[in-house]
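Peer 1: Take this structure first; my questions come after.
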Amino acid sequence: MEIIADFHLHSKYARATSKQSTLENIYKWCKIKGINVVGTGDFTHPLWFEEINSKLEPAEHGLYKLKNIYSKEIEEKLPVSVKNNSVRFILTTEISNIYSKYSKTRRMHNLIIFPDIDSVSKFNLKLSKIGNLKSDGRPILGLDSKILLKIVKETNNKALLIPAHIWTPWFSMFGSKSGFDTINEAFEELTPEICAIETGLSSDPFMNWRLSALDKIAIISNSDSHSVQKLGREANIFDCGLSYDDLLSAIKTNDQRLVGTIEFFPQEGMYHLDGHRKCSVRLTPAQTKSYNNICPKCHKDLVIGVLNRVDQLADRPENFVPKSHKSVEFLIPLLEILSEIYNVKNSVKVIADYEFLYTKFGSELSILKNLSISELEKCGHTKLAHAIEKMRKREVFIEPGYDGVYGVVRVFSPGESTATAGQLSLKL
Ligand SMILES: [Zn+2]
Ligand SMILES: [Zn+2]
């Protein structure tokens, strides 16, 4: 069966997250988005773990579901078109490891996935002796990533550690500011235990394929969302049974059961190009080279983005595509497309149309990925149909992100958009 899975997200207990990120709301939005397996996020946080314990119950092996008393009320308010999408939880968290190795400060984020609540309890107890788990849904531990991996595996051999958003400059395995150059430097003799990496929003599989060192490793994508509306902006598509073991084995073998990923256009990520936010300086890797990595405005070191860093570590040319590879679909969230068409952000009108669309056609991901363009046109959504068609063909306008500034990806060029902004009529 096709399973869309988003493993990495944060709860209301993580810093800079929405208070709306509750288990009930995550459940509701997964139904609307069309996500079948969703991470709990933040299971290391004692209060969040308490909620996980009291509100979820075991479903298929290694997966959990929201108890009936909580799910019933949500389902009653959802339209038939999305109400029956099945949603399961999988136990996940992210840990920020800050430590010194080879006489340099390293900062790495690691995504952890566990198959059962008992093991999570044991794992949390071990970590609570190392650092403070209460201060943040994504705790900071002064612990070597390799030791963390050892603790994960000793607690439960089926648990996974996946280096998170591996290219972001400040907090990742390959980050330009505090990362490593190889997986082996980070994990040494435990390297064979690393069977997957997460692309992060600022990179995509095409960029990762340029490193032969990643050939045998599953490339996965997750939303890392801090609010429920952003769930599934990146996700994984599996074709396997619905259980922890099936998902684990698909990731470990990296075979055809891991079908591919849903991607954000990587230029939209906050660290795609190089630059300085404060100086409003955004540079391509070639421009950065011509300035010797120094900001032309403030004359300090530039923040080297993901594209440049991939270039430094890659042993293959740009646009290299392996003979056999996973599917890659670039999507723009439907709310963003509607906002662009109406030229307003999150207005009542945009939200009303969003609700109309999933009520009529089913989940957001099925609309973006699968709905036939003619079907949309038939209903009078010509502008939206055109937008989705352009997105699927990757014909989009892009202002890349840099140094913590999100990029802008638009379906229509500015002139095209304003000229026809009033023409969308949503007749449902
Ligand atoms: Zn992170
Ligand atoms: Zn500067």
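Scheme for the structure tokens: letters A, B, ... for chains in order shown; per-chain residue numbers from 1; ligand numbers from 1 in order shown.
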Which residues of chain A come within 9 Å of ligand 1, and for each one, what is the closest pair of atoms and their distance in Å to one decimal, counting only C-alpha atoms and all ligand atoms, sorted by chain and residue number, as CSV?

Peer 2:
```
residue,atom,partner,partner_atom_place_in_ligand_line,distance
A:His8,CA,ligand 1,1 (Zn),8.8
A:Glu94,CA,ligand 1,1 (Zn),6.7
A:Ile95,CA,ligand 1,1 (Zn),7.7
A:Ser96,CA,ligand 1,1 (Zn),7.1
A:Met108,CA,ligand 1,1 (Zn),8.1
A:His109,CA,ligand 1,1 (Zn),5.1
A:Asn110,CA,ligand 1,1 (Zn),7.2
A:Leu111,CA,ligand 1,1 (Zn),8.0
A:Arg138,CA,ligand 1,1 (Zn),8.0
A:Ala164,CA,ligand 1,1 (Zn),6.1
A:His165,CA,ligand 1,1 (Zn),6.6
A:Thr168,CA,ligand 1,1 (Zn),8.8
A:Phe171,CA,ligand 1,1 (Zn),6.9
A:Ser172,CA,ligand 1,1 (Zn),7.7
A:Gly200,CA,ligand 1,1 (Zn),8.7
A:Asp224,CA,ligand 1,1 (Zn),7.2
```

Peer 1: Hey, which bits of chain A sit within 9 Å of ligand 2, and for each residue what's the closest pair of atoms and how far apart in Å (one decimal), counting only C-alpha atoms and all ligand atoms, rows by chain and increasing number, as a Markdown table?

Peer 2:
```
| residue | atom | partner | partner_atom_place_in_ligand_line | distance |
| --- | --- | --- | --- | --- |
| A:Gly275 | CA | ligand 2 | 1 (Zn) | 7.3 |
| A:His276 | CA | ligand 2 | 1 (Zn) | 4.9 |
| A:Arg277 | CA | ligand 2 | 1 (Zn) | 7.4 |
| A:Lys278 | CA | ligand 2 | 1 (Zn) | 6.4 |
| A:Cys279 | CA | ligand 2 | 1 (Zn) | 4.6 |
| A:Ser280 | CA | ligand 2 | 1 (Zn) | 7.6 |
| A:Val281 | CA | ligand 2 | 1 (Zn) | 6.6 |
| A:Ile294 | CA | ligand 2 | 1 (Zn) | 7.9 |
| A:Cys295 | CA | ligand 2 | 1 (Zn) | 4.6 |
| A:Pro296 | CA | ligand 2 | 1 (Zn) | 6.7 |
| A:Lys297 | CA | ligand 2 | 1 (Zn) | 5.0 |
| A:Cys298 | CA | ligand 2 | 1 (Zn) | 4.1 |
| A:His299 | CA | ligand 2 | 1 (Zn) | 6.1 |
| A:Lys300 | CA | ligand 2 | 1 (Zn) | 5.9 |
| A:Asp301 | CA | ligand 2 | 1 (Zn) | 7.6 |
| A:Leu302 | CA | ligand 2 | 1 (Zn) | 6.7 |
```

Peer 1: Please determine, counting only C-alpha atoms, which residue among A:Gly131, A:Pro322, A:Gly41, A:Pro163 has the shortest atom-to-atom distance to Asp215 in chain A.

Peer 2: A:Pro322

Peer 1: Select from range 153-277 of chain A everything DSSP, run on the backbone, classes as strand (DSSP E or B), then give the selection as a count of residues only.

Peer 2: 26

Peer 1: Separation of CA of Leu161 in chain A and CA of Ile113 in chain A, in Å?

Peer 2: 6.6 Å

Peer 1: Give me the residues within 8 Å of Leu331 in chain A as a PyMOL selection string, counting only C-alpha atoms and dropping any in the same chain fewer than 4 places off.

Peer 2: chain A and resi 233+262-265+368-369+391-392

Peer 1: Quick one, how far is CA of Asn293 in chain A from CA of Gly404 in chain A?

Peer 2: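 For CA of Asn293 in chain A relative to CA of Gly404 in chain A, the distance reads 17.3 Å.
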